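Below: model-v4.cif (mmCIF, N, CA and C atoms)
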```cif
data_final
#
loop_
_atom_site.group_PDB
_atom_site.id
_atom_site.type_symbol
_atom_site.label_atom_id
_atom_site.label_comp_id
_atom_site.auth_asym_id
_atom_site.auth_seq_id
_atom_site.Cartn_x
_atom_site.Cartn_y
_atom_site.Cartn_z
ATOM 1 N N MET H 48 -95.577 9.318 145.536
ATOM 2 C CA MET H 48 -94.934 10.538 145.991
ATOM 3 C C MET H 48 -96.004 11.609 146.198
ATOM 4 N N THR H 49 -95.831 12.424 147.225
ATOM 5 C CA THR H 49 -96.822 13.450 147.538
ATOM 6 C C THR H 49 -96.459 14.770 146.871
ATOM 7 N N ASP H 50 -97.433 15.693 146.857
ATOM 8 C CA ASP H 50 -97.190 17.018 146.288
ATOM 9 C C ASP H 50 -96.235 17.828 147.154
ATOM 10 N N ARG H 51 -96.367 17.676 148.464
ATOM 11 C CA ARG H 51 -95.497 18.407 149.392
ATOM 12 C C ARG H 51 -94.363 17.498 149.832
ATOM 13 N N PHE H 52 -93.268 18.137 150.219
ATOM 14 C CA PHE H 52 -92.172 17.346 150.753
ATOM 15 C C PHE H 52 -92.269 17.256 152.274
ATOM 16 N N TYR H 53 -93.342 17.806 152.861
ATOM 17 C CA TYR H 53 -93.523 17.716 154.302
ATOM 18 C C TYR H 53 -94.998 17.561 154.647
ATOM 19 N N GLU H 54 -95.250 17.044 155.860
ATOM 20 C CA GLU H 54 -96.616 16.809 156.307
ATOM 21 C C GLU H 54 -96.651 16.909 157.831
ATOM 22 N N ALA H 55 -97.695 17.513 158.374
ATOM 23 C CA ALA H 55 -97.884 17.578 159.829
ATOM 24 C C ALA H 55 -98.633 16.319 160.268
ATOM 25 N N VAL H 56 -98.099 15.639 161.257
ATOM 26 C CA VAL H 56 -98.720 14.417 161.766
ATOM 27 C C VAL H 56 -98.775 14.447 163.287
ATOM 28 N N TYR H 57 -99.740 13.735 163.826
ATOM 29 C CA TYR H 57 -99.894 13.590 165.266
ATOM 30 C C TYR H 57 -98.719 12.792 165.814
ATOM 31 N N SER H 58 -98.129 13.275 166.907
ATOM 32 C CA SER H 58 -97.029 12.564 167.554
ATOM 33 C C SER H 58 -97.525 11.970 168.868
ATOM 34 N N GLU H 59 -97.712 10.682 168.873
ATOM 35 C CA GLU H 59 -98.203 10.010 170.073
ATOM 36 C C GLU H 59 -97.193 10.140 171.218
ATOM 37 N N GLU H 60 -95.915 10.018 170.903
ATOM 38 C CA GLU H 60 -94.872 10.097 171.930
ATOM 39 C C GLU H 60 -94.861 11.459 172.623
ATOM 40 N N LEU H 61 -94.825 12.538 171.843
ATOM 41 C CA LEU H 61 -94.806 13.877 172.437
ATOM 42 C C LEU H 61 -96.119 14.192 173.148
ATOM 43 N N SER H 62 -97.223 13.701 172.620
ATOM 44 C CA SER H 62 -98.517 13.948 173.242
ATOM 45 C C SER H 62 -98.583 13.303 174.626
ATOM 46 N N GLN H 63 -98.043 12.111 174.759
ATOM 47 C CA GLN H 63 -98.037 11.443 176.060
ATOM 48 C C GLN H 63 -97.100 12.150 177.031
ATOM 49 N N GLU H 64 -95.936 12.588 176.543
ATOM 50 C CA GLU H 64 -94.975 13.276 177.402
ATOM 51 C C GLU H 64 -95.525 14.609 177.915
ATOM 52 N N ARG H 65 -96.188 15.361 177.051
ATOM 53 C CA ARG H 65 -96.654 16.706 177.390
ATOM 54 C C ARG H 65 -98.053 16.721 178.001
ATOM 55 N N GLY H 66 -98.810 15.654 177.828
ATOM 56 C CA GLY H 66 -100.145 15.595 178.397
ATOM 57 C C GLY H 66 -101.222 16.245 177.555
ATOM 58 N N ASP H 67 -100.893 16.650 176.330
ATOM 59 C CA ASP H 67 -101.895 17.185 175.405
ATOM 60 C C ASP H 67 -101.495 16.807 173.979
ATOM 61 N N ILE H 68 -102.334 17.142 173.020
ATOM 62 C CA ILE H 68 -102.100 16.752 171.628
ATOM 63 C C ILE H 68 -100.945 17.555 171.041
ATOM 64 N N ARG H 69 -99.995 16.863 170.375
ATOM 65 C CA ARG H 69 -98.839 17.514 169.753
ATOM 66 C C ARG H 69 -98.618 16.981 168.347
ATOM 67 N N PHE H 70 -98.149 17.854 167.454
ATOM 68 C CA PHE H 70 -97.885 17.515 166.061
ATOM 69 C C PHE H 70 -96.427 17.795 165.714
ATOM 70 N N ILE H 71 -95.916 17.075 164.740
ATOM 71 C CA ILE H 71 -94.571 17.299 164.229
ATOM 72 C C ILE H 71 -94.626 17.336 162.707
ATOM 73 N N ILE H 72 -93.571 17.822 162.083
ATOM 74 C CA ILE H 72 -93.467 17.855 160.629
ATOM 75 C C ILE H 72 -92.542 16.729 160.189
ATOM 76 N N ILE H 73 -93.012 15.917 159.244
ATOM 77 C CA ILE H 73 -92.194 14.822 158.720
ATOM 78 C C ILE H 73 -92.130 14.876 157.195
ATOM 79 N N ASN H 74 -91.172 14.170 156.639
ATOM 80 C CA ASN H 74 -91.122 13.919 155.205
ATOM 81 C C ASN H 74 -91.977 12.670 154.991
ATOM 82 N N PRO H 75 -93.107 12.766 154.284
ATOM 83 C CA PRO H 75 -94.009 11.625 154.147
ATOM 84 C C PRO H 75 -93.414 10.462 153.340
ATOM 85 N N ASP H 76 -92.448 10.747 152.503
ATOM 86 C CA ASP H 76 -91.847 9.683 151.695
ATOM 87 C C ASP H 76 -90.858 8.839 152.489
ATOM 88 N N THR H 77 -90.115 9.484 153.401
ATOM 89 C CA THR H 77 -89.076 8.771 154.143
ATOM 90 C C THR H 77 -89.414 8.570 155.616
ATOM 91 N N GLY H 78 -90.352 9.366 156.154
ATOM 92 C CA GLY H 78 -90.681 9.294 157.563
ATOM 93 C C GLY H 78 -89.721 10.089 158.445
ATOM 94 N N GLU H 79 -88.766 10.784 157.834
ATOM 95 C CA GLU H 79 -87.789 11.587 158.573
ATOM 96 C C GLU H 79 -88.474 12.769 159.251
ATOM 97 N N ILE H 80 -88.141 13.018 160.507
ATOM 98 C CA ILE H 80 -88.682 14.168 161.221
ATOM 99 C C ILE H 80 -87.924 15.408 160.761
ATOM 100 N N LEU H 81 -88.661 16.372 160.227
ATOM 101 C CA LEU H 81 -88.063 17.611 159.741
ATOM 102 C C LEU H 81 -88.105 18.715 160.788
ATOM 103 N N ASP H 82 -89.152 18.720 161.628
ATOM 104 C CA ASP H 82 -89.281 19.741 162.658
ATOM 105 C C ASP H 82 -90.168 19.218 163.773
ATOM 106 N N ASP H 83 -89.669 19.332 165.007
ATOM 107 C CA ASP H 83 -90.477 18.935 166.154
ATOM 108 C C ASP H 83 -90.510 20.028 167.225
ATOM 109 N N ALA H 84 -90.254 21.276 166.811
ATOM 110 C CA ALA H 84 -90.280 22.429 167.722
ATOM 111 C C ALA H 84 -89.352 22.196 168.915
ATOM 112 N N ASN H 85 -88.142 21.804 168.619
ATOM 113 C CA ASN H 85 -87.125 21.548 169.657
ATOM 114 C C ASN H 85 -87.580 20.531 170.691
ATOM 115 N N GLY H 86 -88.275 19.499 170.220
ATOM 116 C CA GLY H 86 -88.712 18.429 171.104
ATOM 117 C C GLY H 86 -90.033 18.672 171.802
ATOM 118 N N TRP H 87 -90.652 19.817 171.574
ATOM 119 C CA TRP H 87 -91.918 20.138 172.227
ATOM 120 C C TRP H 87 -93.120 19.785 171.371
ATOM 121 N N GLY H 88 -92.979 19.759 170.059
ATOM 122 C CA GLY H 88 -94.108 19.541 169.173
ATOM 123 C C GLY H 88 -94.966 20.790 169.069
ATOM 124 N N TYR H 89 -95.912 20.769 168.160
ATOM 125 C CA TYR H 89 -96.829 21.892 167.950
ATOM 126 C C TYR H 89 -98.206 21.514 168.454
ATOM 127 N N ARG H 90 -98.930 22.480 168.974
ATOM 128 C CA ARG H 90 -100.259 22.202 169.528
ATOM 129 C C ARG H 90 -101.308 21.913 168.473
ATOM 130 N N SER H 91 -101.079 22.334 167.248
ATOM 131 C CA SER H 91 -102.038 22.035 166.178
ATOM 132 C C SER H 91 -101.283 21.804 164.870
ATOM 133 N N ALA H 92 -101.918 21.089 163.974
ATOM 134 C CA ALA H 92 -101.318 20.858 162.656
ATOM 135 C C ALA H 92 -101.180 22.191 161.922
ATOM 136 N N ARG H 93 -102.145 23.064 162.096
ATOM 137 C CA ARG H 93 -102.095 24.377 161.445
ATOM 138 C C ARG H 93 -100.862 25.166 161.893
ATOM 139 N N ASN H 94 -100.600 25.170 163.191
ATOM 140 C CA ASN H 94 -99.420 25.872 163.705
ATOM 141 C C ASN H 94 -98.130 25.246 163.192
ATOM 142 N N ALA H 95 -98.110 23.933 163.084
ATOM 143 C CA ALA H 95 -96.921 23.241 162.576
ATOM 144 C C ALA H 95 -96.654 23.648 161.132
ATOM 145 N N TYR H 96 -97.691 23.625 160.297
ATOM 146 C CA TYR H 96 -97.536 24.037 158.895
ATOM 147 C C TYR H 96 -97.106 25.507 158.801
ATOM 148 N N ARG H 97 -97.741 26.341 159.596
ATOM 149 C CA ARG H 97 -97.452 27.776 159.564
ATOM 150 C C ARG H 97 -95.982 28.038 159.910
ATOM 151 N N ARG H 98 -95.516 27.472 160.997
ATOM 152 C CA ARG H 98 -94.150 27.720 161.444
ATOM 153 C C ARG H 98 -93.120 27.108 160.497
ATOM 154 N N PHE H 99 -93.367 25.891 160.046
ATOM 155 C CA PHE H 99 -92.408 25.254 159.155
ATOM 156 C C PHE H 99 -92.345 25.995 157.823
ATOM 157 N N GLY H 100 -93.490 26.416 157.311
ATOM 158 C CA GLY H 100 -93.502 27.192 156.071
ATOM 159 C C GLY H 100 -92.758 28.510 156.222
ATOM 160 N N TYR H 101 -92.920 29.137 157.375
ATOM 161 C CA TYR H 101 -92.227 30.395 157.628
ATOM 162 C C TYR H 101 -90.716 30.184 157.682
ATOM 163 N N THR H 102 -90.271 29.166 158.384
ATOM 164 C CA THR H 102 -88.828 28.931 158.488
ATOM 165 C C THR H 102 -88.235 28.553 157.142
ATOM 166 N N GLN H 103 -89.002 27.842 156.321
ATOM 167 C CA GLN H 103 -88.510 27.478 154.997
ATOM 168 C C GLN H 103 -88.385 28.706 154.106
ATOM 169 N N SER H 104 -89.373 29.604 154.159
ATOM 170 C CA SER H 104 -89.305 30.806 153.325
ATOM 171 C C SER H 104 -88.199 31.729 153.819
ATOM 172 N N SER H 105 -87.997 31.798 155.123
ATOM 173 C CA SER H 105 -86.921 32.627 155.680
ATOM 174 C C SER H 105 -85.557 32.112 155.260
ATOM 175 N N SER H 106 -85.376 30.802 155.275
ATOM 176 C CA SER H 106 -84.078 30.237 154.897
ATOM 177 C C SER H 106 -83.818 30.446 153.409
ATOM 178 N N GLN H 107 -84.865 30.447 152.599
ATOM 179 C CA GLN H 107 -84.693 30.704 151.166
ATOM 180 C C GLN H 107 -84.265 32.153 150.936
ATOM 181 N N LYS H 108 -84.834 33.087 151.701
ATOM 182 C CA LYS H 108 -84.452 34.492 151.588
ATOM 183 C C LYS H 108 -83.006 34.687 152.006
ATOM 184 N N ASP H 109 -82.585 33.996 153.081
ATOM 185 C CA ASP H 109 -81.201 34.099 153.544
ATOM 186 C C ASP H 109 -80.231 33.587 152.494
ATOM 187 N N LYS H 110 -80.602 32.503 151.811
ATOM 188 C CA LYS H 110 -79.738 31.955 150.767
ATOM 189 C C LYS H 110 -79.579 32.949 149.624
ATOM 190 N N LYS H 111 -80.671 33.642 149.272
ATOM 191 C CA LYS H 111 -80.606 34.634 148.205
ATOM 192 C C LYS H 111 -79.705 35.795 148.621
ATOM 193 N N LYS H 112 -79.813 36.225 149.881
ATOM 194 C CA LYS H 112 -78.979 37.313 150.373
ATOM 195 C C LYS H 112 -77.505 36.910 150.341
ATOM 196 N N ASP H 113 -77.211 35.689 150.799
ATOM 197 C CA ASP H 113 -75.832 35.206 150.801
ATOM 198 C C ASP H 113 -75.293 35.128 149.384
ATOM 199 N N PHE H 114 -76.120 34.673 148.463
ATOM 200 C CA PHE H 114 -75.699 34.530 147.085
ATOM 201 C C PHE H 114 -75.388 35.902 146.490
ATOM 202 N N ARG H 115 -76.255 36.876 146.717
ATOM 203 C CA ARG H 115 -76.017 38.223 146.203
ATOM 204 C C ARG H 115 -74.769 38.831 146.832
ATOM 205 N N GLY H 116 -74.578 38.603 148.123
ATOM 206 C CA GLY H 116 -73.415 39.132 148.805
ATOM 207 C C GLY H 116 -72.125 38.534 148.256
ATOM 208 N N THR H 117 -72.157 37.258 147.907
ATOM 209 C CA THR H 117 -70.997 36.593 147.344
ATOM 210 C C THR H 117 -70.645 37.191 145.996
ATOM 211 N N LEU H 118 -71.655 37.492 145.201
ATOM 212 C CA LEU H 118 -71.405 38.084 143.892
ATOM 213 C C LEU H 118 -70.791 39.477 144.024
ATOM 214 N N ARG H 119 -71.237 40.234 144.979
ATOM 215 C CA ARG H 119 -70.716 41.592 145.170
ATOM 216 C C ARG H 119 -69.255 41.586 145.605
ATOM 217 N N GLU H 120 -68.887 40.604 146.418
ATOM 218 C CA GLU H 120 -67.506 40.545 146.915
ATOM 219 C C GLU H 120 -66.539 40.123 145.818
ATOM 220 N N SER H 121 -66.980 39.356 144.851
ATOM 221 C CA SER H 121 -66.095 38.817 143.829
ATOM 222 C C SER H 121 -65.616 39.838 142.847
#
```
In structure tokens, how does this file's structure come out?
Amino acid sequence: MTDRFYEAVYSEELSQERGDIRFIIINPDTGEILDDANGWGYRSARNAYRRFGYTQSSSQKDKKKDFRGTLRES
């Protein structure tokens, strides 16, 4: 098992379709694709990590907001 639950990997399929190097985010334990930039892939592994990390932190903040809002309504 890896330390992270996600990993940026080279996507041969997207790279051939787009004509340049593309990366996607996968779960290294299962091979499940977690993010492929809506089918476009990312131009670099760094960009893939950056964007996926941002979306994960944003979704965590939204969950906290929803949770607090639920408590206030009750």
Could you give me, as a PyMOL selection string, each residue of segment 54-98 of chain H that DSSP assigns to helix (DSSP H, G or I) when run on this structure's backbone?
chain H and resi 59-65+92-98
Give me, please, the distance in Å between atom CA of Ser104 of chain H and atom CA of Tyr89 of chain H, quoted to one decimal.
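Distance reported for this atom pair: 18.7 Å.
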Residue neighbourhood Arg90 of chain H, 7 Å, all atoms listed in the file, exclusion window fewer than 5 positions, as a PyMOL selection string:
chain H and resi 68-70+95
Between atom CA of Leu61 of chain H and atom CA of Pro75 of chain H, what is the spacing in Å?
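The value is 18.4 Å.
Closest to Arg98 of chain H among H:Glu64, H:Ile72, H:Ile80, H:Ser58 is H:Ile72, based on only C-alpha atoms.
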Pick from H:Ala92, H:Asn85, H:Asn74, H:Asp67, whichever lies nearest to Phe52 of chain H using only C-alpha atoms:
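Ranking H:Ala92, H:Asn85, H:Asn74, H:Asp67 by distance to Phe52 of chain H, first place goes to H:Asn74.
For the atom pair formed by atom C of Phe99 of chain H and atom N of Arg65 of chain H, the distance is 22.3 Å, given to one decimal.
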Determine the nearest neighbour of Gly66 of chain H from the options H:Glu54, H:Thr102, H:Trp87, H:Leu81, counting only C-alpha atoms.
H:Trp87
Could you find all residues in segment 53-98 of chain H that DSSP calls strand (DSSP E) from the backbone, and write them as a ChimeraX atom specification?
/H:54-57,70-73,80-82
Please produce a file of those selected residues containing N, CA and C atoms, as a compact mmCIF listing (two decimals), in the coordinates of the input.
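The new file again01.txt reads:
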```txt
# COMPACT_ATOMS: atom_id res chain seq x y z
N GLU H 54 -95.25 17.04 155.86
CA GLU H 54 -96.62 16.81 156.31
C GLU H 54 -96.65 16.91 157.83
N ALA H 55 -97.70 17.51 158.37
CA ALA H 55 -97.88 17.58 159.83
C ALA H 55 -98.63 16.32 160.27
N VAL H 56 -98.10 15.64 161.26
CA VAL H 56 -98.72 14.42 161.77
C VAL H 56 -98.78 14.45 163.29
N TYR H 57 -99.74 13.74 163.83
CA TYR H 57 -99.89 13.59 165.27
C TYR H 57 -98.72 12.79 165.81
N PHE H 70 -98.15 17.85 167.45
CA PHE H 70 -97.88 17.52 166.06
C PHE H 70 -96.43 17.80 165.71
N ILE H 71 -95.92 17.08 164.74
CA ILE H 71 -94.57 17.30 164.23
C ILE H 71 -94.63 17.34 162.71
N ILE H 72 -93.57 17.82 162.08
CA ILE H 72 -93.47 17.86 160.63
C ILE H 72 -92.54 16.73 160.19
N ILE H 73 -93.01 15.92 159.24
CA ILE H 73 -92.19 14.82 158.72
C ILE H 73 -92.13 14.88 157.20
N ILE H 80 -88.14 13.02 160.51
CA ILE H 80 -88.68 14.17 161.22
C ILE H 80 -87.92 15.41 160.76
N LEU H 81 -88.66 16.37 160.23
CA LEU H 81 -88.06 17.61 159.74
C LEU H 81 -88.10 18.72 160.79
N ASP H 82 -89.15 18.72 161.63
CA ASP H 82 -89.28 19.74 162.66
C ASP H 82 -90.17 19.22 163.77
```
Grab segment 78-102 of chain H from that structure and dump N, CA and C atoms to a file, as an mmCIF file, in the first residue's frame.
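This is the output file out.cif:
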```
data_model
loop_
_atom_site.group_PDB
_atom_site.id
_atom_site.type_symbol
_atom_site.label_atom_id
_atom_site.label_comp_id
_atom_site.auth_asym_id
_atom_site.auth_seq_id
_atom_site.Cartn_x
_atom_site.Cartn_y
_atom_site.Cartn_z
ATOM 1 N N GLY H 78 -5.908 0.965 -9.478
ATOM 2 C CA GLY H 78 -5.792 1.338 -10.873
ATOM 3 C C GLY H 78 -6.963 2.182 -11.368
ATOM 4 N N GLU H 79 -7.890 2.522 -10.476
ATOM 5 C CA GLU H 79 -9.057 3.332 -10.832
ATOM 6 C C GLU H 79 -8.630 4.748 -11.203
ATOM 7 N N ILE H 80 -9.179 5.277 -12.285
ATOM 8 C CA ILE H 80 -8.894 6.651 -12.683
ATOM 9 C C ILE H 80 -9.715 7.579 -11.797
ATOM 10 N N LEU H 81 -9.027 8.463 -11.089
ATOM 11 C CA LEU H 81 -9.687 9.409 -10.195
ATOM 12 C C LEU H 81 -9.938 10.751 -10.869
ATOM 13 N N ASP H 82 -9.039 11.153 -11.782
ATOM 14 C CA ASP H 82 -9.191 12.426 -12.472
ATOM 15 C C ASP H 82 -8.430 12.378 -13.783
ATOM 16 N N ASP H 83 -9.121 12.747 -14.865
ATOM 17 C CA ASP H 83 -8.456 12.815 -16.161
ATOM 18 C C ASP H 83 -8.718 14.152 -16.859
ATOM 19 N N ALA H 84 -9.055 15.180 -16.070
ATOM 20 C CA ALA H 84 -9.307 16.529 -16.598
ATOM 21 C C ALA H 84 -10.372 16.490 -17.695
ATOM 22 N N ASN H 85 -11.466 15.845 -17.394
ATOM 23 C CA ASN H 85 -12.592 15.728 -18.341
ATOM 24 C C ASN H 85 -12.182 15.120 -19.672
ATOM 25 N N GLY H 86 -11.305 14.122 -19.607
ATOM 26 C CA GLY H 86 -10.883 13.421 -20.811
ATOM 27 C C GLY H 86 -9.723 14.053 -21.549
ATOM 28 N N TRP H 87 -9.218 15.173 -21.064
ATOM 29 C CA TRP H 87 -8.114 15.858 -21.731
ATOM 30 C C TRP H 87 -6.762 15.478 -21.157
ATOM 31 N N GLY H 88 -6.696 15.070 -19.904
ATOM 32 C CA GLY H 88 -5.427 14.797 -19.254
ATOM 33 C C GLY H 88 -4.719 16.089 -18.883
ATOM 34 N N TYR H 89 -3.650 15.968 -18.133
ATOM 35 C CA TYR H 89 -2.852 17.119 -17.705
ATOM 36 C C TYR H 89 -1.533 17.119 -18.448
ATOM 37 N N ARG H 90 -1.018 18.293 -18.739
ATOM 38 C CA ARG H 90 0.234 18.392 -19.495
ATOM 39 C C ARG H 90 1.459 17.993 -18.696
ATOM 40 N N SER H 91 1.371 18.018 -17.384
ATOM 41 C CA SER H 91 2.511 17.592 -16.564
ATOM 42 C C SER H 91 1.998 16.893 -15.307
ATOM 43 N N ALA H 92 2.843 16.068 -14.738
ATOM 44 C CA ALA H 92 2.484 15.391 -13.488
ATOM 45 C C ALA H 92 2.302 16.431 -12.383
ATOM 46 N N ARG H 93 3.117 17.459 -12.399
ATOM 47 C CA ARG H 93 3.011 18.516 -11.389
ATOM 48 C C ARG H 93 1.638 19.193 -11.443
ATOM 49 N N ASN H 94 1.183 19.513 -12.645
ATOM 50 C CA ASN H 94 -0.138 20.133 -12.794
ATOM 51 C C ASN H 94 -1.250 19.194 -12.347
ATOM 52 N N ALA H 95 -1.096 17.916 -12.629
ATOM 53 C CA ALA H 95 -2.102 16.932 -12.217
ATOM 54 C C ALA H 95 -2.192 16.877 -10.698
ATOM 55 N N TYR H 96 -1.045 16.789 -10.028
ATOM 56 C CA TYR H 96 -1.032 16.768 -8.558
ATOM 57 C C TYR H 96 -1.615 18.068 -7.988
ATOM 58 N N ARG H 97 -1.213 19.179 -8.568
ATOM 59 C CA ARG H 97 -1.663 20.485 -8.082
ATOM 60 C C ARG H 97 -3.189 20.595 -8.169
ATOM 61 N N ARG H 98 -3.745 20.285 -9.315
ATOM 62 C CA ARG H 98 -5.183 20.427 -9.514
ATOM 63 C C ARG H 98 -5.975 19.422 -8.680
ATOM 64 N N PHE H 99 -5.519 18.184 -8.638
ATOM 65 C CA PHE H 99 -6.248 17.181 -7.873
ATOM 66 C C PHE H 99 -6.194 17.507 -6.384
ATOM 67 N N GLY H 100 -5.043 17.946 -5.901
ATOM 68 C CA GLY H 100 -4.935 18.342 -4.497
ATOM 69 C C GLY H 100 -5.845 19.515 -4.170
ATOM 70 N N TYR H 101 -5.937 20.454 -5.097
ATOM 71 C CA TYR H 101 -6.806 21.606 -4.889
ATOM 72 C C TYR H 101 -8.271 21.182 -4.833
ATOM 73 N N THR H 102 -8.693 20.339 -5.749
ATOM 74 C CA THR H 102 -10.097 19.917 -5.755
ATOM 75 C C THR H 102 -10.428 19.094 -4.524
#
```
